[in-house]
There are 2 protein chains.
Amino acid sequence: MEDTDSRSTVETVADALTEAVRTGRLVPGQRLTESEFTARLGVSRSSVREAFRRLTADGLLAAEPHRGVMVRQLSRAEVDNLFQVRGALEALAVTLALPKLHVAPSALVTLQSDLDAAVDEGNMNRFSQLNGQFHRLFRETAENPLLSDTLTRLSNSLYWLQFRVLVDRSHVFETNRQHREVTECVVANDEDGARTAMLRHIENARKLIQSLPDDHFAPPKQHIGKNASMA
Amino acid sequence: MEDTDSRSTVETVADALTEAVRTGRLVPGQRLTESEFTARLGVSRSSVREAFRRLTADGLLAAEPHRGVMVRQLSRAEVDNLFQVRGALEALAVTLALPKLHVAPSALVTLQSDLDAAVDEGNMNRFSQLNGQFHRLFRETAENPLLSDTLTRLSNSLYWLQFRVLVDRSHVFETNRQHREVTECVVANDEDGARTAMLRHIENARKLIQSLPDDHFAPPKQHIGKNASMA
DNA sequence: CCGATAAGATTGTCGGACAATCGTTCAGGC
DNA sequence: GCCTGAACGATTGTCCGACAATCTTATCGG
């Protein structure tokens, strides 16, 4: 705990929690209590609460009134809902990014080479990491911060499930083939083709995730009425 | 005070702030201090801070570290970014909602009649309200809570600008004509037509908003803060 | 075995306190 | 006179302790 406090306390806590989720020390569905982290990280309850709320907004945690927060675990229905939104936004990202990527495709083709190499080596962790970079490249090249942030939030919610799928060797060839399809359409300046290929890729990811056993998902539940602020 | 506290303190504060923004008592760009509302609403600073964070996540307020929060004011670039995302998501809402609205179109056609009536009467406030209901009908019929919440958040950020545009009589005929176009496509079960009409409607709204004078927008973000712009 | 009740745990809210940071003001140096 | 910079006030960030409200769990009685 001898951090040089260059960032704010809340950021430190939030980063620690994010790391714990990413490394799997905290698994989806697991309940987190405030007191647990005030003690472990040596910060006040206020900071822990603030970090909880921030990560909840980021899609990494889920909060229920008077019941605390847990590592977010999606139901199958929520996965479908998320992929509908994700598909629309990733397609938009392709449309916005394509002109820029077409004139300067070096980053994309390099990334594609790395993906191919990772597949050849059977290095699933690296492939998973590069897969994230692939999608990030599109949403950042789109130069729309709102779009990028929204997609990042969706990705955060999916992190665990996506990881479960991507480490499976049996799907990696097909998945990477779809990547290559998108890349080739971008190089060929084929917008419709790139969009379609990306949508097919997203739909494929959805199906792979939905093929996971039930114990990876939250039980189907009624939607929690969040906020109704219009009249 | 004399409220029967059926909801939580934070919700009460958040609702009060939302109402203040909607009625125009708080205008975009205005800075809000915590102490101001602890005193006025008789709640603790914790609750005010929490309410600020919640409304920031909802897109109604904007926060900057160590500088507090203000009523969110978009720059022209942010408006464009928002409308790109909004277009993609409203189009998705149309696609998802169309089958359901086609078999049970009564709510939609009633709403369209009300819109037409509001136009005939020149009742701009009512038209603005019904316009919100029109879009809300699609995103709620889509039965995708994530999509609905995301679109609601975008709408919150736009509320003020949209209101400025909608109260202007000179655009209401064209705007409502586009509504009717969407409605007719839905009744005719023409998905592509409905999507296209909705996208045209959204793009039209963007242009109307961008035609507002500069003082409705936040200054464009720039990293170099050396200029002296005093008034 | 099941339901009702009591005890415990956890969150929601409060009030105060202090440090860190930002914006402004004002004095001094060029 | 204008710019630089130090002091100041205002505001946010963080911590602490306390209590009420609510949820969870354990216990008891039918």
# chains A, B, ... in the order shown; residues from 1 in each chain; ligands from 1
>>> calpha_fit_rmsd(fixed="chain B", moving="chain A")
5.4 Å
>>> interface_residues(of="chain A", to="chain B", cutoff="7 Å", atoms="only C-alpha atoms", output="list in words")
Ala57, Asn81, Leu82, Val85, Ala88, Leu89, Leu92, Asn144, Leu146 and Leu147 of chain A
>>> atom_distance(atom1="CA of Asp214 in chain B", atom2="CA of Leu166 in chain B")
17.6 Å
>>> interface_residues(of="chain A", to="chain C", cutoff="7 Å", atoms="only C-alpha atoms (C1' of nucleotides)", output="tab-separated table (two decimals) with C-alpha atoms, in the first residue's frame")
chain	number	residue	atom	x	y	z
A	66	HIS	CA	-29.96	-1.22	0.32
A	67	ARG	CA	-28.32	-4.36	-1.00
A	68	GLY	CA	-24.96	-3.06	-2.07
>>> interface_residues(of="chain D", to="chain A", cutoff="8 Å", atoms="only C-alpha atoms (C1' of nucleotides)", output="tab-separated table (two decimals) with C-alpha atoms (C1' of nucleotides), in the first residue's frame")
chain	number	residue	atom	x	y	z
D	14	DT	C1'	-11.36	12.96	1.61
D	15	DC	C1'	-11.68	11.39	6.20
D	22	DT	C1'	-33.31	-1.66	5.58
D	23	DC	C1'	-31.89	-6.16	4.32
>>> residues_around(residues="Pro105 in chain B", least_positions_apart="4", cutoff="7 Å", atoms="only C-alpha atoms (C1' of nucleotides)", output="tab-separated table (two decimals) with N, CA and C atoms, in the first residue's frame")
chain	number	residue	atom	x	y	z
B	101	LEU	N	-45.41	-2.53	-33.26
B	101	LEU	CA	-46.29	-1.39	-33.53
B	101	LEU	C	-47.20	-1.68	-34.72
B	109	VAL	N	-51.01	5.73	-33.85
B	109	VAL	CA	-51.88	6.58	-34.68
B	109	VAL	C	-52.59	7.62	-33.83
B	187	VAL	N	-47.32	1.81	-40.26
B	187	VAL	CA	-48.63	1.22	-40.56
B	187	VAL	C	-48.53	0.32	-41.79
>>> select_by_dssp(residues="range 38-158 of chain A", states="helix (DSSP H, G or I)", output="short mmCIF file (atom, residue, chain, number, x, y, z; two decimals) with N, CA and C atoms, in the first residue's frame")
data_model
loop_
_atom_site.label_atom_id
_atom_site.label_comp_id
_atom_site.auth_asym_id
_atom_site.auth_seq_id
_atom_site.Cartn_x
_atom_site.Cartn_y
_atom_site.Cartn_z
N THR A 38 -12.81 -0.67 2.67
CA THR A 38 -12.26 0.38 3.53
C THR A 38 -11.10 -0.20 4.33
N ALA A 39 -11.29 -1.44 4.81
CA ALA A 39 -10.24 -2.07 5.60
C ALA A 39 -9.06 -2.45 4.72
N ARG A 40 -9.34 -3.14 3.60
CA ARG A 40 -8.26 -3.68 2.78
C ARG A 40 -7.42 -2.59 2.14
N LEU A 41 -8.05 -1.49 1.72
CA LEU A 41 -7.31 -0.45 1.00
C LEU A 41 -6.97 0.73 1.89
N ARG A 45 -14.94 5.19 3.88
CA ARG A 45 -16.13 4.63 3.22
C ARG A 45 -16.58 5.53 2.07
N SER A 46 -16.47 6.82 2.25
CA SER A 46 -16.89 7.74 1.18
C SER A 46 -16.20 7.42 -0.13
N SER A 47 -14.90 7.22 -0.06
CA SER A 47 -14.14 6.96 -1.29
C SER A 47 -14.54 5.63 -1.91
N VAL A 48 -14.75 4.63 -1.06
CA VAL A 48 -15.17 3.34 -1.60
C VAL A 48 -16.53 3.46 -2.26
N ARG A 49 -17.44 4.15 -1.59
CA ARG A 49 -18.79 4.34 -2.17
C ARG A 49 -18.69 5.04 -3.52
N GLU A 50 -17.88 6.10 -3.56
CA GLU A 50 -17.72 6.84 -4.81
C GLU A 50 -17.14 5.95 -5.91
N ALA A 51 -16.15 5.14 -5.54
CA ALA A 51 -15.56 4.24 -6.54
C ALA A 51 -16.60 3.23 -7.02
N PHE A 52 -17.40 2.71 -6.11
CA PHE A 52 -18.47 1.78 -6.49
C PHE A 52 -19.41 2.43 -7.51
N ARG A 53 -19.80 3.64 -7.23
CA ARG A 53 -20.75 4.31 -8.12
C ARG A 53 -20.13 4.55 -9.49
N ARG A 54 -18.85 4.91 -9.47
CA ARG A 54 -18.18 5.19 -10.74
C ARG A 54 -18.09 3.94 -11.59
N LEU A 55 -17.73 2.82 -10.97
CA LEU A 55 -17.61 1.59 -11.72
C LEU A 55 -18.98 1.06 -12.13
N THR A 56 -19.99 1.38 -11.33
CA THR A 56 -21.35 1.03 -11.73
C THR A 56 -21.72 1.77 -13.01
N ALA A 57 -21.39 3.05 -13.06
CA ALA A 57 -21.66 3.83 -14.27
C ALA A 57 -20.86 3.30 -15.45
N ARG A 76 -29.08 -13.78 -19.81
CA ARG A 76 -29.05 -14.03 -21.26
C ARG A 76 -29.81 -12.94 -22.01
N ALA A 77 -30.92 -12.52 -21.45
CA ALA A 77 -31.70 -11.46 -22.11
C ALA A 77 -30.90 -10.17 -22.18
N GLU A 78 -30.19 -9.85 -21.11
CA GLU A 78 -29.40 -8.62 -21.11
C GLU A 78 -28.27 -8.72 -22.14
N VAL A 79 -27.71 -9.90 -22.30
CA VAL A 79 -26.68 -10.09 -23.33
C VAL A 79 -27.24 -9.79 -24.71
N ASP A 80 -28.42 -10.31 -24.97
CA ASP A 80 -29.05 -10.04 -26.28
C ASP A 80 -29.30 -8.54 -26.45
N ASN A 81 -29.84 -7.91 -25.42
CA ASN A 81 -30.08 -6.47 -25.50
C ASN A 81 -28.79 -5.71 -25.76
N LEU A 82 -27.75 -6.11 -25.04
CA LEU A 82 -26.47 -5.42 -25.19
C LEU A 82 -25.92 -5.60 -26.60
N PHE A 83 -26.06 -6.78 -27.14
CA PHE A 83 -25.50 -7.02 -28.47
C PHE A 83 -26.28 -6.30 -29.56
N GLN A 84 -27.57 -6.10 -29.34
CA GLN A 84 -28.31 -5.29 -30.30
C GLN A 84 -27.74 -3.88 -30.35
N VAL A 85 -27.56 -3.30 -29.18
CA VAL A 85 -27.02 -1.94 -29.12
C VAL A 85 -25.59 -1.91 -29.65
N ARG A 86 -24.82 -2.90 -29.23
CA ARG A 86 -23.43 -2.94 -29.65
C ARG A 86 -23.31 -3.04 -31.16
N GLY A 87 -24.13 -3.88 -31.75
CA GLY A 87 -24.09 -4.04 -33.19
C GLY A 87 -24.32 -2.72 -33.90
N ALA A 88 -25.35 -2.00 -33.48
CA ALA A 88 -25.66 -0.73 -34.12
C ALA A 88 -24.50 0.24 -33.99
N LEU A 89 -23.85 0.24 -32.82
CA LEU A 89 -22.79 1.22 -32.59
C LEU A 89 -21.48 0.82 -33.25
N GLU A 90 -21.19 -0.47 -33.26
CA GLU A 90 -19.96 -0.91 -33.95
C GLU A 90 -20.08 -0.68 -35.46
N ALA A 91 -21.29 -0.87 -35.97
CA ALA A 91 -21.49 -0.59 -37.39
C ALA A 91 -21.27 0.89 -37.67
N LEU A 92 -21.79 1.72 -36.77
CA LEU A 92 -21.56 3.16 -36.92
C LEU A 92 -20.07 3.48 -36.87
N ALA A 93 -19.38 2.84 -35.95
CA ALA A 93 -17.94 3.08 -35.82
C ALA A 93 -17.21 2.70 -37.12
N VAL A 94 -17.62 1.61 -37.72
CA VAL A 94 -17.00 1.20 -38.99
C VAL A 94 -17.23 2.27 -40.05
N THR A 95 -18.47 2.73 -40.15
CA THR A 95 -18.79 3.75 -41.14
C THR A 95 -17.96 5.01 -40.95
N LEU A 96 -17.84 5.42 -39.68
CA LEU A 96 -17.11 6.66 -39.42
C LEU A 96 -15.61 6.49 -39.58
N ALA A 97 -15.12 5.30 -39.22
CA ALA A 97 -13.67 5.10 -39.21
C ALA A 97 -13.14 4.72 -40.59
N LEU A 98 -13.98 4.14 -41.42
CA LEU A 98 -13.48 3.57 -42.68
C LEU A 98 -12.72 4.56 -43.55
N PRO A 99 -13.24 5.76 -43.81
CA PRO A 99 -12.49 6.67 -44.67
C PRO A 99 -11.09 6.95 -44.13
N LYS A 100 -10.97 7.12 -42.82
CA LYS A 100 -9.68 7.42 -42.23
C LYS A 100 -8.76 6.20 -42.26
N LEU A 101 -9.33 5.03 -41.97
CA LEU A 101 -8.50 3.83 -41.99
C LEU A 101 -8.07 3.47 -43.41
N HIS A 102 -8.91 3.82 -44.37
CA HIS A 102 -8.59 3.46 -45.75
C HIS A 102 -7.37 4.22 -46.25
N VAL A 103 -7.27 5.48 -45.89
CA VAL A 103 -6.14 6.28 -46.36
C VAL A 103 -4.89 6.04 -45.53
N SER A 106 -2.13 1.42 -42.10
CA SER A 106 -0.98 0.68 -41.57
C SER A 106 -1.26 0.09 -40.20
N ALA A 107 -1.88 0.87 -39.32
CA ALA A 107 -2.15 0.37 -37.98
C ALA A 107 -3.05 -0.86 -38.04
N LEU A 108 -4.06 -0.80 -38.90
CA LEU A 108 -5.00 -1.91 -39.00
C LEU A 108 -4.35 -3.17 -39.55
N VAL A 109 -3.56 -3.01 -40.62
CA VAL A 109 -2.97 -4.20 -41.22
C VAL A 109 -1.91 -4.81 -40.31
N THR A 110 -1.19 -3.95 -39.60
CA THR A 110 -0.24 -4.46 -38.60
C THR A 110 -0.97 -5.27 -37.54
N LEU A 111 -2.06 -4.70 -37.05
CA LEU A 111 -2.86 -5.38 -36.04
C LEU A 111 -3.37 -6.72 -36.55
N GLN A 112 -3.78 -6.72 -37.83
CA GLN A 112 -4.29 -7.96 -38.40
C GLN A 112 -3.19 -9.02 -38.47
N SER A 113 -1.98 -8.57 -38.82
CA SER A 113 -0.85 -9.50 -38.84
C SER A 113 -0.61 -10.09 -37.46
N ASP A 114 -0.67 -9.23 -36.44
CA ASP A 114 -0.47 -9.71 -35.07
C ASP A 114 -1.54 -10.71 -34.68
N LEU A 115 -2.77 -10.42 -35.11
CA LEU A 115 -3.86 -11.35 -34.81
C LEU A 115 -3.59 -12.70 -35.46
N ASP A 116 -3.20 -12.66 -36.73
CA ASP A 116 -2.89 -13.91 -37.43
C ASP A 116 -1.77 -14.67 -36.73
N ALA A 117 -0.75 -13.91 -36.32
CA ALA A 117 0.38 -14.54 -35.64
C ALA A 117 -0.07 -15.19 -34.34
N ALA A 118 -0.90 -14.48 -33.58
CA ALA A 118 -1.38 -15.02 -32.30
C ALA A 118 -2.17 -16.31 -32.52
N VAL A 119 -2.93 -16.33 -33.61
CA VAL A 119 -3.70 -17.55 -33.92
C VAL A 119 -2.75 -18.70 -34.25
N ASP A 120 -1.73 -18.39 -35.08
CA ASP A 120 -0.78 -19.43 -35.46
C ASP A 120 -0.08 -20.01 -34.24
N GLU A 121 0.29 -19.12 -33.31
CA GLU A 121 0.98 -19.58 -32.11
C GLU A 121 0.04 -20.23 -31.11
N MET A 124 -3.75 -17.67 -26.90
CA MET A 124 -5.11 -17.18 -26.73
C MET A 124 -5.19 -15.89 -25.93
N ASN A 125 -4.34 -15.77 -24.92
CA ASN A 125 -4.35 -14.52 -24.15
C ASN A 125 -4.00 -13.34 -25.03
N ARG A 126 -2.99 -13.54 -25.85
CA ARG A 126 -2.60 -12.45 -26.76
C ARG A 126 -3.71 -12.17 -27.77
N PHE A 127 -4.33 -13.22 -28.27
CA PHE A 127 -5.41 -13.01 -29.22
C PHE A 127 -6.55 -12.23 -28.58
N SER A 128 -6.88 -12.58 -27.35
CA SER A 128 -7.94 -11.87 -26.63
C SER A 128 -7.60 -10.39 -26.49
N GLN A 129 -6.34 -10.14 -26.16
CA GLN A 129 -5.90 -8.75 -26.00
C GLN A 129 -5.96 -8.00 -27.33
N LEU A 130 -5.47 -8.65 -28.38
CA LEU A 130 -5.46 -8.00 -29.70
C LEU A 130 -6.88 -7.81 -30.23
N ASN A 131 -7.76 -8.74 -29.89
CA ASN A 131 -9.15 -8.59 -30.29
C ASN A 131 -9.74 -7.30 -29.72
N GLY A 132 -9.41 -7.03 -28.46
CA GLY A 132 -9.85 -5.78 -27.87
C GLY A 132 -9.27 -4.59 -28.61
N GLN A 133 -7.99 -4.66 -28.97
CA GLN A 133 -7.37 -3.56 -29.71
C GLN A 133 -8.01 -3.35 -31.07
N PHE A 134 -8.40 -4.45 -31.69
CA PHE A 134 -9.04 -4.37 -33.01
C PHE A 134 -10.28 -3.49 -32.95
N HIS A 135 -11.16 -3.83 -32.00
CA HIS A 135 -12.39 -3.05 -31.89
C HIS A 135 -12.11 -1.63 -31.41
N ARG A 136 -11.11 -1.49 -30.52
CA ARG A 136 -10.78 -0.16 -30.03
C ARG A 136 -10.27 0.72 -31.15
N LEU A 137 -9.52 0.13 -32.07
CA LEU A 137 -9.00 0.92 -33.18
C LEU A 137 -10.13 1.57 -33.98
N PHE A 138 -11.18 0.81 -34.23
CA PHE A 138 -12.29 1.37 -35.00
C PHE A 138 -12.98 2.48 -34.23
N ARG A 139 -13.29 2.21 -32.95
CA ARG A 139 -14.08 3.21 -32.25
C ARG A 139 -13.27 4.46 -31.93
N GLU A 140 -11.94 4.33 -31.88
CA GLU A 140 -11.15 5.54 -31.63
C GLU A 140 -10.88 6.30 -32.92
N THR A 141 -10.74 5.57 -34.01
CA THR A 141 -10.55 6.24 -35.29
C THR A 141 -11.82 6.99 -35.71
N PRO A 145 -16.06 10.80 -29.28
CA PRO A 145 -15.84 10.37 -27.90
C PRO A 145 -17.06 9.72 -27.27
N LEU A 146 -18.24 10.25 -27.57
CA LEU A 146 -19.45 9.66 -27.00
C LEU A 146 -19.63 8.22 -27.46
N LEU A 147 -19.45 8.02 -28.76
CA LEU A 147 -19.55 6.66 -29.30
C LEU A 147 -18.51 5.76 -28.66
N SER A 148 -17.30 6.25 -28.55
CA SER A 148 -16.22 5.45 -27.99
C SER A 148 -16.49 5.08 -26.54
N ASP A 149 -16.92 6.07 -25.76
CA ASP A 149 -17.20 5.81 -24.35
C ASP A 149 -18.34 4.82 -24.19
N THR A 150 -19.36 4.99 -25.00
CA THR A 150 -20.52 4.09 -24.88
C THR A 150 -20.12 2.67 -25.21
N LEU A 151 -19.37 2.49 -26.26
CA LEU A 151 -18.92 1.14 -26.62
C LEU A 151 -17.99 0.57 -25.56
N THR A 152 -17.15 1.42 -24.98
CA THR A 152 -16.26 0.94 -23.92
C THR A 152 -17.06 0.43 -22.74
N ARG A 153 -18.10 1.16 -22.39
CA ARG A 153 -18.95 0.73 -21.28
C ARG A 153 -19.57 -0.64 -21.56
N LEU A 154 -20.05 -0.81 -22.77
CA LEU A 154 -20.63 -2.11 -23.12
C LEU A 154 -19.58 -3.21 -23.03
N SER A 155 -18.39 -2.91 -23.53
CA SER A 155 -17.32 -3.91 -23.47
C SER A 155 -16.99 -4.29 -22.04
N ASN A 156 -16.99 -3.30 -21.15
CA ASN A 156 -16.70 -3.59 -19.75
C ASN A 156 -17.67 -4.63 -19.19
N SER A 157 -18.94 -4.45 -19.49
CA SER A 157 -19.94 -5.39 -18.98
C SER A 157 -19.71 -6.78 -19.52
N LEU A 158 -19.13 -6.86 -20.71
CA LEU A 158 -18.98 -8.15 -21.39
C LEU A 158 -17.65 -8.81 -21.10
#
>>> select_by_dssp(residues="chain B", states="strand (DSSP E or B)", output="list in words")
Arg31, Leu32, Leu61, Ala62, Ala63, Glu64, Gly68, Val69, Met70, Val71, Ser75 and Ala218 of chain B
>>> write_last_selection(atoms="N, CA and C atoms", output="tab-separated table (two decimals), in the first residue's frame")
chain	number	residue	atom	x	y	z
B	31	ARG	N	-23.11	27.12	-13.19
B	31	ARG	CA	-22.35	26.32	-12.24
B	31	ARG	C	-23.17	26.08	-10.98
B	32	LEU	N	-23.09	24.86	-10.47
B	32	LEU	CA	-23.82	24.50	-9.26
B	32	LEU	C	-22.83	24.15	-8.16
B	61	LEU	N	-26.09	16.82	-16.13
B	61	LEU	CA	-25.05	17.71	-15.61
B	61	LEU	C	-23.69	17.27	-16.15
B	62	ALA	N	-22.72	18.13	-16.03
B	62	ALA	CA	-21.34	17.80	-16.41
B	62	ALA	C	-20.42	18.17	-15.26
B	63	ALA	N	-19.48	17.31	-14.96
B	63	ALA	CA	-18.59	17.53	-13.82
B	63	ALA	C	-17.15	17.65	-14.29
B	64	GLU	N	-16.41	18.53	-13.64
B	64	GLU	CA	-14.97	18.63	-13.87
B	64	GLU	C	-14.26	18.57	-12.54
B	68	GLY	N	-16.25	21.36	-9.76
B	68	GLY	CA	-17.68	21.23	-9.54
B	68	GLY	C	-18.46	20.84	-10.76
B	69	VAL	N	-19.76	20.98	-10.68
B	69	VAL	CA	-20.64	20.55	-11.78
B	69	VAL	C	-21.37	21.76	-12.35
B	70	MET	N	-21.80	21.62	-13.57
B	70	MET	CA	-22.63	22.64	-14.20
B	70	MET	C	-23.74	21.95	-15.00
B	71	VAL	N	-24.78	22.69	-15.29
B	71	VAL	CA	-25.81	22.16	-16.17
B	71	VAL	C	-25.16	21.92	-17.52
B	75	SER	N	-21.11	21.44	-26.87
B	75	SER	CA	-20.51	22.20	-27.97
B	75	SER	C	-21.13	21.72	-29.29
B	218	ALA	N	-21.65	25.37	-25.86
B	218	ALA	CA	-20.39	25.52	-25.14
B	218	ALA	C	-19.29	25.79	-26.14
>>> residues_around(residues="Val21 in chain B", least_positions_apart="2", cutoff="10 Å", atoms="only C-alpha atoms (C1' of nucleotides)", output="number ranges by chain")
B: 15-19, 23-28, 60-61, 71-72, 159-160
>>> write_last_selection(atoms="N, CA and C atoms", output="mmCIF file, in the first residue's frame")
data_model
loop_
_atom_site.group_PDB
_atom_site.id
_atom_site.type_symbol
_atom_site.label_atom_id
_atom_site.label_comp_id
_atom_site.auth_asym_id
_atom_site.auth_seq_id
_atom_site.Cartn_x
_atom_site.Cartn_y
_atom_site.Cartn_z
ATOM 1 N N ASP B 15 -34.524 14.714 -8.277
ATOM 2 C CA ASP B 15 -35.757 15.134 -8.943
ATOM 3 C C ASP B 15 -35.914 16.645 -8.908
ATOM 4 N N ALA B 16 -35.558 17.240 -7.775
ATOM 5 C CA ALA B 16 -35.657 18.695 -7.668
ATOM 6 C C ALA B 16 -34.747 19.365 -8.685
ATOM 7 N N LEU B 17 -33.531 18.843 -8.821
ATOM 8 C CA LEU B 17 -32.592 19.409 -9.780
ATOM 9 C C LEU B 17 -33.096 19.220 -11.206
ATOM 10 N N THR B 18 -33.596 18.013 -11.483
ATOM 11 C CA THR B 18 -34.122 17.746 -12.822
ATOM 12 C C THR B 18 -35.234 18.725 -13.165
ATOM 13 N N GLU B 19 -36.127 18.918 -12.216
ATOM 14 C CA GLU B 19 -37.233 19.840 -12.445
ATOM 15 C C GLU B 19 -36.729 21.256 -12.688
ATOM 16 N N THR B 23 -37.553 23.280 -16.094
ATOM 17 C CA THR B 23 -38.322 24.519 -16.103
ATOM 18 C C THR B 23 -37.474 25.720 -16.475
ATOM 19 N N GLY B 24 -36.167 25.503 -16.598
ATOM 20 C CA GLY B 24 -35.314 26.602 -17.026
ATOM 21 C C GLY B 24 -34.781 27.444 -15.884
ATOM 22 N N ARG B 25 -35.100 27.065 -14.640
ATOM 23 C CA ARG B 25 -34.551 27.830 -13.510
ATOM 24 C C ARG B 25 -33.040 27.690 -13.485
ATOM 25 N N LEU B 26 -32.568 26.552 -13.936
ATOM 26 C CA LEU B 26 -31.124 26.366 -14.094
ATOM 27 C C LEU B 26 -30.845 26.239 -15.584
ATOM 28 N N VAL B 27 -29.984 27.074 -16.100
ATOM 29 C CA VAL B 27 -29.734 27.093 -17.536
ATOM 30 C C VAL B 27 -28.388 26.440 -17.847
ATOM 31 N N PRO B 28 -28.251 25.884 -19.044
ATOM 32 C CA PRO B 28 -27.008 25.223 -19.442
ATOM 33 C C PRO B 28 -25.794 26.126 -19.243
ATOM 34 N N LEU B 60 -27.445 14.957 -17.616
ATOM 35 C CA LEU B 60 -28.074 16.260 -17.378
ATOM 36 C C LEU B 60 -27.057 17.286 -16.875
ATOM 37 N N LEU B 61 -26.092 16.822 -16.133
ATOM 38 C CA LEU B 61 -25.051 17.707 -15.607
ATOM 39 C C LEU B 61 -23.692 17.270 -16.153
ATOM 40 N N VAL B 71 -24.782 22.690 -15.289
ATOM 41 C CA VAL B 71 -25.811 22.159 -16.166
ATOM 42 C C VAL B 71 -25.163 21.919 -17.518
ATOM 43 N N ARG B 72 -25.321 20.724 -18.031
ATOM 44 C CA ARG B 72 -24.561 20.338 -19.207
ATOM 45 C C ARG B 72 -24.865 21.228 -20.407
ATOM 46 N N TYR B 159 -32.177 18.172 -24.025
ATOM 47 C CA TYR B 159 -33.491 18.713 -23.718
ATOM 48 C C TYR B 159 -33.623 20.193 -24.051
ATOM 49 N N TRP B 160 -32.683 20.967 -23.560
ATOM 50 C CA TRP B 160 -32.792 22.405 -23.707
ATOM 51 C C TRP B 160 -32.727 22.837 -25.171
#
>>> atom_distance(atom1="CA of Ala197 in chain A", atom2="CA of Glu181 in chain A")
6.4 Å
>>> decode(residues="range 158-172 of chain B", atoms="N, CA and C atoms", output="PDB file, in the first residue's frame")
ATOM      1  N   LEU B 158     -29.921  16.741 -24.509  1.00  0.00           N
ATOM      2  CA  LEU B 158     -30.393  17.600 -25.599  1.00  0.00           C
ATOM      3  C   LEU B 158     -31.606  18.438 -25.219  1.00  0.00           C
ATOM      4  N   TYR B 159     -32.177  18.172 -24.025  1.00  0.00           N
ATOM      5  CA  TYR B 159     -33.491  18.713 -23.718  1.00  0.00           C
ATOM      6  C   TYR B 159     -33.623  20.193 -24.051  1.00  0.00           C
ATOM      7  N   TRP B 160     -32.683  20.967 -23.560  1.00  0.00           N
ATOM      8  CA  TRP B 160     -32.792  22.405 -23.707  1.00  0.00           C
ATOM      9  C   TRP B 160     -32.727  22.837 -25.171  1.00  0.00           C
ATOM     10  N   LEU B 161     -31.750  22.331 -25.907  1.00  0.00           N
ATOM     11  CA  LEU B 161     -31.604  22.710 -27.311  1.00  0.00           C
ATOM     12  C   LEU B 161     -32.832  22.287 -28.115  1.00  0.00           C
ATOM     13  N   GLN B 162     -33.284  21.051 -27.846  1.00  0.00           N
ATOM     14  CA  GLN B 162     -34.446  20.547 -28.572  1.00  0.00           C
ATOM     15  C   GLN B 162     -35.663  21.437 -28.313  1.00  0.00           C
ATOM     16  N   PHE B 163     -35.793  21.839 -27.057  1.00  0.00           N
ATOM     17  CA  PHE B 163     -36.928  22.706 -26.715  1.00  0.00           C
ATOM     18  C   PHE B 163     -36.846  24.025 -27.470  1.00  0.00           C
ATOM     19  N   ARG B 164     -35.638  24.590 -27.534  1.00  0.00           N
ATOM     20  CA  ARG B 164     -35.460  25.854 -28.251  1.00  0.00           C
ATOM     21  C   ARG B 164     -35.917  25.733 -29.698  1.00  0.00           C
ATOM     22  N   VAL B 165     -35.655  24.592 -30.293  1.00  0.00           N
ATOM     23  CA  VAL B 165     -36.006  24.395 -31.696  1.00  0.00           C
ATOM     24  C   VAL B 165     -37.503  24.153 -31.857  1.00  0.00           C
ATOM     25  N   LEU B 166     -38.044  23.334 -30.954  1.00  0.00           N
ATOM     26  CA  LEU B 166     -39.420  22.884 -31.150  1.00  0.00           C
ATOM     27  C   LEU B 166     -40.450  23.984 -30.904  1.00  0.00           C
ATOM     28  N   VAL B 167     -40.094  24.975 -30.099  1.00  0.00           N
ATOM     29  CA  VAL B 167     -41.070  26.035 -29.856  1.00  0.00           C
ATOM     30  C   VAL B 167     -41.160  27.003 -31.029  1.00  0.00           C
ATOM     31  N   ASP B 168     -40.270  26.814 -31.992  1.00  0.00           N
ATOM     32  CA  ASP B 168     -40.269  27.702 -33.155  1.00  0.00           C
ATOM     33  C   ASP B 168     -41.322  27.229 -34.162  1.00  0.00           C
ATOM     34  N   ARG B 169     -42.293  28.066 -34.402  1.00  0.00           N
ATOM     35  CA  ARG B 169     -43.404  27.678 -35.281  1.00  0.00           C
ATOM     36  C   ARG B 169     -42.957  27.409 -36.722  1.00  0.00           C
ATOM     37  N   SER B 170     -41.877  28.021 -37.140  1.00  0.00           N
ATOM     38  CA  SER B 170     -41.548  27.971 -38.565  1.00  0.00           C
ATOM     39  C   SER B 170     -41.082  26.594 -39.024  1.00  0.00           C
ATOM     40  N   HIS B 171     -40.733  25.715 -38.084  1.00  0.00           N
ATOM     41  CA  HIS B 171     -40.248  24.397 -38.481  1.00  0.00           C
ATOM     42  C   HIS B 171     -41.245  23.290 -38.196  1.00  0.00           C
ATOM     43  N   VAL B 172     -42.305  23.614 -37.501  1.00  0.00           N
ATOM     44  CA  VAL B 172     -43.161  22.568 -36.956  1.00  0.00           C
ATOM     45  C   VAL B 172     -43.865  21.767 -38.052  1.00  0.00           C
TER      46      VAL B 172
END
